[in-house]
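Data block for coords-v4.csv (CSV, C-alpha atoms):
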chain,number,residue,atom,x,y,z
A,805,MET,CA,-48.9,81.0,-40.9
A,806,PRO,CA,-46.7,80.8,-44.0
A,807,SER,CA,-46.3,77.7,-46.2
A,808,PRO,CA,-43.2,75.6,-45.3
A,809,ASP,CA,-41.9,76.5,-48.8
A,810,GLU,CA,-41.7,80.1,-47.6
A,811,TYR,CA,-39.6,79.5,-44.5
A,812,TYR,CA,-36.3,81.3,-44.7
A,813,ALA,CA,-34.6,78.3,-43.2
A,814,ALA,CA,-36.0,75.8,-45.8
A,815,ASN,CA,-34.6,78.1,-48.5
A,816,THR,CA,-31.3,78.9,-46.9
A,817,ILE,CA,-30.0,76.0,-44.9
A,818,PRO,CA,-30.2,73.3,-47.7
A,819,PRO,CA,-28.3,75.6,-50.2
A,820,ILE,CA,-25.7,76.3,-47.5
A,821,ALA,CA,-25.3,72.5,-47.0
A,822,TRP,CA,-25.1,71.8,-50.7
A,823,ALA,CA,-22.6,74.6,-51.1
A,824,LEU,CA,-20.5,73.4,-48.2
A,825,ASP,CA,-20.4,69.9,-49.8
A,826,LEU,CA,-19.3,71.4,-53.1
A,827,TYR,CA,-16.8,73.6,-51.3
A,828,LEU,CA,-15.3,70.6,-49.6
A,829,LYS,CA,-15.1,68.6,-52.8
A,830,HIS,CA,-12.9,71.5,-54.2
A,831,LYS,CA,-10.6,71.2,-51.2
A,832,GLY,CA,-11.8,74.3,-49.4
A,833,ARG,CA,-10.4,74.8,-45.9
A,834,PHE,CA,-12.5,73.5,-43.0
A,835,LYS,CA,-11.7,72.7,-39.4
A,836,ASN,CA,-13.0,69.2,-38.9
A,837,GLN,CA,-12.6,69.2,-35.1
A,838,ARG,CA,-14.9,72.1,-34.6
A,839,VAL,CA,-18.6,71.7,-34.0
A,840,LEU,CA,-20.3,75.0,-34.6
A,841,GLU,CA,-23.8,75.3,-33.4
A,842,ILE,CA,-26.4,78.0,-33.7
A,843,SER,CA,-29.8,77.9,-32.0
A,844,PHE,CA,-33.0,79.8,-32.8
A,845,PRO,CA,-35.6,80.4,-30.1
A,846,ALA,CA,-38.8,78.7,-31.2
A,847,GLY,CA,-41.3,79.4,-28.5
A,848,HIS,CA,-41.8,78.4,-24.9
A,849,HIS,CA,-42.2,75.1,-23.1
A,850,LYS,CA,-45.4,75.4,-21.0
A,851,GLU,CA,-46.6,73.5,-18.0
A,852,LYS,CA,-50.0,74.3,-16.5
A,853,LEU,CA,-50.2,77.3,-18.8
A,854,LYS,CA,-47.0,78.7,-17.4
A,855,LYS,CA,-43.8,79.3,-19.5
A,856,VAL,CA,-41.1,77.3,-17.8
A,857,GLY,CA,-38.4,77.2,-20.5
A,858,LEU,CA,-37.5,77.5,-24.1
A,859,HIS,CA,-37.9,75.5,-27.3
A,860,GLU,CA,-35.3,76.0,-29.9
A,861,ILE,CA,-34.1,74.8,-33.3
A,862,ALA,CA,-30.4,74.0,-33.3
A,863,VAL,CA,-28.3,74.0,-36.5
A,864,TRP,CA,-24.8,72.7,-36.3
A,865,THR,CA,-21.9,71.2,-38.3
A,866,ALA,CA,-20.6,67.7,-37.6
A,867,ASP,CA,-18.8,65.2,-39.8
A,868,ARG,CA,-18.4,67.8,-42.5
A,869,GLN,CA,-22.2,68.1,-42.8
A,870,ILE,CA,-24.9,70.4,-41.5
A,871,TRP,CA,-27.6,69.1,-39.2
A,872,ALA,CA,-30.7,70.5,-37.6
A,873,ARG,CA,-33.0,69.5,-34.8
A,874,ALA,CA,-36.0,70.8,-32.8
A,875,ARG,CA,-35.4,70.5,-29.0
A,876,CYS,CA,-36.9,71.5,-25.7
A,877,GLN,CA,-34.5,72.8,-23.0
A,878,VAL,CA,-36.8,71.6,-20.2
A,879,SER,CA,-38.0,68.0,-20.9
A,880,LYS,CA,-36.7,65.2,-23.1
A,881,ASP,CA,-40.3,63.9,-23.3
A,882,CYS,CA,-41.6,67.1,-24.8
A,883,LYS,CA,-43.4,66.7,-28.1
A,884,PHE,CA,-41.4,69.6,-29.5
A,885,ASN,CA,-38.2,67.4,-29.5
A,886,GLY,CA,-37.5,65.7,-32.8
A,887,PRO,CA,-34.8,63.7,-34.5
A,888,ARG,CA,-31.9,65.4,-36.1
A,889,VAL,CA,-32.3,66.0,-39.8
A,890,ASN,CA,-29.7,66.5,-42.5
A,891,GLY,CA,-29.4,70.1,-43.6
A,892,ALA,CA,-29.1,69.1,-47.2
A,893,ASP,CA,-32.6,67.5,-47.1
A,894,ARG,CA,-34.9,70.4,-47.9
A,895,GLU,CA,-38.1,68.4,-47.3
A,896,ALA,CA,-36.8,67.3,-43.8
A,897,ILE,CA,-35.8,70.9,-43.0
A,898,LYS,CA,-39.3,72.1,-43.9
A,899,THR,CA,-40.8,69.8,-41.3
A,900,LEU,CA,-39.2,71.6,-38.4
A,901,PRO,CA,-41.3,74.2,-36.6
A,902,TRP,CA,-39.7,77.3,-38.1
A,903,ASN,CA,-42.9,79.4,-37.7
A,904,GLU,CA,-41.9,80.5,-34.2
A,905,ILE,CA,-38.5,81.9,-35.4
A,906,ASP,CA,-38.0,85.6,-35.5
A,907,ASP,CA,-37.4,86.2,-39.3
A,908,GLN,CA,-35.5,89.5,-38.7
A,909,LYS,CA,-32.9,87.7,-36.7
A,910,PHE,CA,-32.5,84.7,-39.0
A,911,PHE,CA,-30.1,86.1,-41.6
A,912,PRO,CA,-27.7,88.0,-39.3
A,913,ALA,CA,-27.5,84.8,-37.1
A,914,ILE,CA,-26.8,82.5,-40.1
A,915,ARG,CA,-24.3,84.9,-41.5
A,916,LYS,CA,-22.4,85.0,-38.2
A,917,TRP,CA,-22.5,81.2,-38.0
A,918,ILE,CA,-21.0,80.8,-41.5
A,919,MET,CA,-18.3,83.5,-40.8
A,920,LYS,CA,-17.2,81.5,-37.7
A,921,MET,CA,-16.6,78.5,-39.9
A,922,ASP,CA,-13.6,80.5,-41.3
A,923,LEU,CA,-14.2,79.2,-44.9
A,924,ASP,CA,-12.4,80.5,-47.9
A,925,PHE,CA,-14.9,83.3,-48.6
A,926,SER,CA,-14.7,83.6,-52.4
A,927,LEU,CA,-14.7,79.8,-52.9
A,928,PHE,CA,-17.8,79.5,-50.7
A,929,ILE,CA,-19.6,82.3,-52.5
A,930,ARG,CA,-18.8,80.6,-55.8
A,931,ALA,CA,-20.1,77.3,-54.4
A,932,LEU,CA,-23.4,79.0,-53.4
A,933,ASN,CA,-23.8,80.5,-56.9
A,934,THR,CA,-23.1,77.1,-58.5
A,935,VAL,CA,-25.7,75.4,-56.2
A,936,CYS,CA,-28.3,78.0,-57.1
A,937,ASP,CA,-27.9,77.2,-60.8
A,938,LYS,CA,-27.7,73.4,-60.4
A,939,LYS,CA,-30.7,72.9,-58.1
A,940,VAL,CA,-33.1,75.1,-60.1
A,941,GLU,CA,-34.4,74.6,-63.6
A,942,LEU,CA,-33.0,77.4,-65.8
A,943,PRO,CA,-34.0,79.8,-67.0
A,944,LEU,CA,-36.2,80.6,-64.0
A,945,THR,CA,-39.3,82.5,-64.7
A,946,THR,CA,-40.8,84.0,-61.6
A,947,GLN,CA,-44.5,84.1,-60.7
A,948,TYR,CA,-44.5,87.7,-61.9
A,949,GLY,CA,-43.2,86.7,-65.4
A,950,LYS,CA,-39.6,87.9,-65.1
A,951,THR,CA,-37.0,85.5,-66.5
A,952,PHE,CA,-33.5,85.0,-65.2
A,953,GLU,CA,-30.9,82.9,-67.1
A,954,LYS,CA,-28.8,82.3,-64.0
A,955,PHE,CA,-28.8,83.1,-60.3
A,956,ASN,CA,-26.1,85.7,-60.7
A,957,ALA,CA,-28.5,87.8,-62.8
A,958,TYR,CA,-31.1,87.5,-60.1
A,959,ARG,CA,-28.6,88.3,-57.4
A,960,GLN,CA,-27.5,91.5,-59.1
A,961,THR,CA,-31.0,92.9,-59.4
A,962,ARG,CA,-31.4,95.8,-57.0
A,963,TRP,CA,-28.0,95.0,-55.4
A,964,PRO,CA,-27.1,97.7,-52.9
A,965,LYS,CA,-24.1,99.8,-54.2
A,966,ASP,CA,-22.5,100.0,-50.8
A,967,VAL,CA,-22.3,96.1,-50.5
A,968,THR,CA,-19.0,94.9,-51.8
A,969,PRO,CA,-16.8,91.8,-51.2
A,970,ALA,CA,-14.6,94.0,-49.1
A,971,ASP,CA,-17.2,94.0,-46.4
A,972,LYS,CA,-17.6,90.2,-46.1
A,973,ASP,CA,-20.4,90.3,-43.4
A,974,LYS,CA,-22.7,92.6,-45.4
A,975,PHE,CA,-21.9,90.8,-48.7
A,976,LEU,CA,-22.6,87.3,-47.4
A,977,GLN,CA,-25.9,88.4,-45.7
A,978,GLU,CA,-27.1,89.9,-49.0
A,979,VAL,CA,-26.1,86.8,-50.9
A,980,LEU,CA,-27.9,84.6,-48.4
A,981,LEU,CA,-31.0,86.7,-48.6
A,982,ARG,CA,-31.1,86.4,-52.3
A,983,VAL,CA,-30.4,82.6,-52.2
A,984,ALA,CA,-33.4,82.2,-49.9
A,985,PHE,CA,-35.7,84.2,-52.3
A,986,TRP,CA,-34.3,82.4,-55.3
A,987,PHE,CA,-35.2,79.0,-53.9
A,988,GLN,CA,-38.6,80.3,-52.6
A,989,THR,CA,-39.4,81.6,-56.1
A,990,ALA,CA,-38.3,78.3,-57.7
A,991,ALA,CA,-40.5,76.4,-55.2
A,992,ILE,CA,-43.5,78.6,-56.0
A,993,VAL,CA,-43.3,78.1,-59.8
A,994,GLY,CA,-42.3,74.4,-59.5
A,995,ALA,CA,-38.8,74.8,-60.8
A,996,LEU,CA,-36.8,73.0,-58.1
A,997,LYS,CA,-34.9,70.0,-59.2

Transcribe the structure of this file into structure tokens.
Amino acid sequence: MPSPDEYYAANTIPPIAWALDLYLKHKGRFKNQRVLEISFPAGHHKEKLKKVGLHEIAVWTADRQIWARARCQVSKDCKFNGPRVNGADREAIKTLPWNEIDDQKFFPAIRKWIMKMDLDFSLFIRALNTVCDKKVELPLTTQYGKTFEKFNAYRQTRWPKDVTPADKDKFLQEVLLRVAFWFQTAAIVGALK
């Protein structure tokens, strides 16, 4: 089982929440009335060793913030259920049971969720870049000894040539993947602020 610092969610959801906050401070468009939720299957609820329903981790927007919660679809008394946590609180996000999440489906799902928010794309990407620089001690030297002055230099390393801002879906997914590894790397070397 990976360390909670290695969970994709712990390294992706808080930066998205921080970037959304920065984005809103710069008057980016956002539909307040919409609550957008995404849920990730996180195992099964079992009774008498039989699977009778699903556990899930839900992530949603409400009150211009991002929230997350572990919940059981079968029973309110299930130990899997937990309180909602603020998406901007990385330590709280790490406490959720992400180990049951299918890692290969995480980034496509998060990307689709963000695209449904109908944000100003370039402003949100700039907010993500800014957050990556503000929340990590720079320059960042990885555990392998490579140093990056800023996130943008890290992001451009081995960037696929066919991924351009013209294809927003692919571009956002690549950026989110690199954001996750940026924060994971910073956590490993103790460079998170």

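The residue that comes closest to A:Gln960, out of A:Glu810, A:Asp924, A:Asp937, A:Glu978 and on the basis of only C-alpha atoms, is A:Glu978.
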
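If you measure from each of A:His848, A:Lys835, A:Lys938, A:Lys916 to A:Ser879 using only C-alpha atoms, the closest one turns out to be A:His848.
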
**Fill in**
Nearest to A:Ala931, restricted to only C-alpha atoms and choosing among A:Pro806, A:Lys997, A:Ile820, A:Tyr811, comes out as A:Ile820

**Request:** Would you mind listing what lies within 7 Å of A:Gly857 as an MDAnalysis selection string, with only C-alpha atoms counted and same-chain residues fewer than 2 positions away left out?
**Result:** chainID A and resid 848:849 855 877:878

**Message:** Set the distance at 10 Å and use all atoms listed in the file: which residues neighbour A:Leu923 once local chain neighbours fewer than 5 positions away are removed? I'd like the list as number ranges by chain.
**Reply:** A: 824, 827-828, 832-835, 918, 928-929

**Fill in**
Of A:Phe910, A:Phe884, A:Phe844, A:Tyr958, the one nearest to A:Thr816 when counting all atoms listed in the file is A:Phe910

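Considering the residues A:Val967, A:Leu976, A:Ala866, A:Ala896 and counting all atoms listed in the file, A:Pro912 has its shortest atom-to-atom contact with A:Leu976.
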
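A straight line drawn from atom CA of A:Trp986 to atom CA of A:Pro964 is 17.1 Å long.
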
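Between A:Ile992 and the candidates A:Glu860, A:Arg873, A:Pro808, A:Phe911, the tightest atom-to-atom separation, counting all atoms listed in the file, involves A:Pro808.
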
**Asked** Could you work out how far atom CA of A:Lys829 lies from atom CA of A:Asp867, giving the answer in Å with one decimal?
**Response** 13.9 Å

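Atom CA of A:Asp907 lies 27.2 Å from atom CA of A:Thr951.
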
**Request:** Identify, on the basis of only C-alpha atoms, every residue whose closest approach to A:Gln977 does not exceed 7 Å; exclude the query and any residue fewer than 2 positions from it along the same chain; express the result as a PyMOL selection string.
**Result:** chain A and resi 911-912+915+973-975+979-981
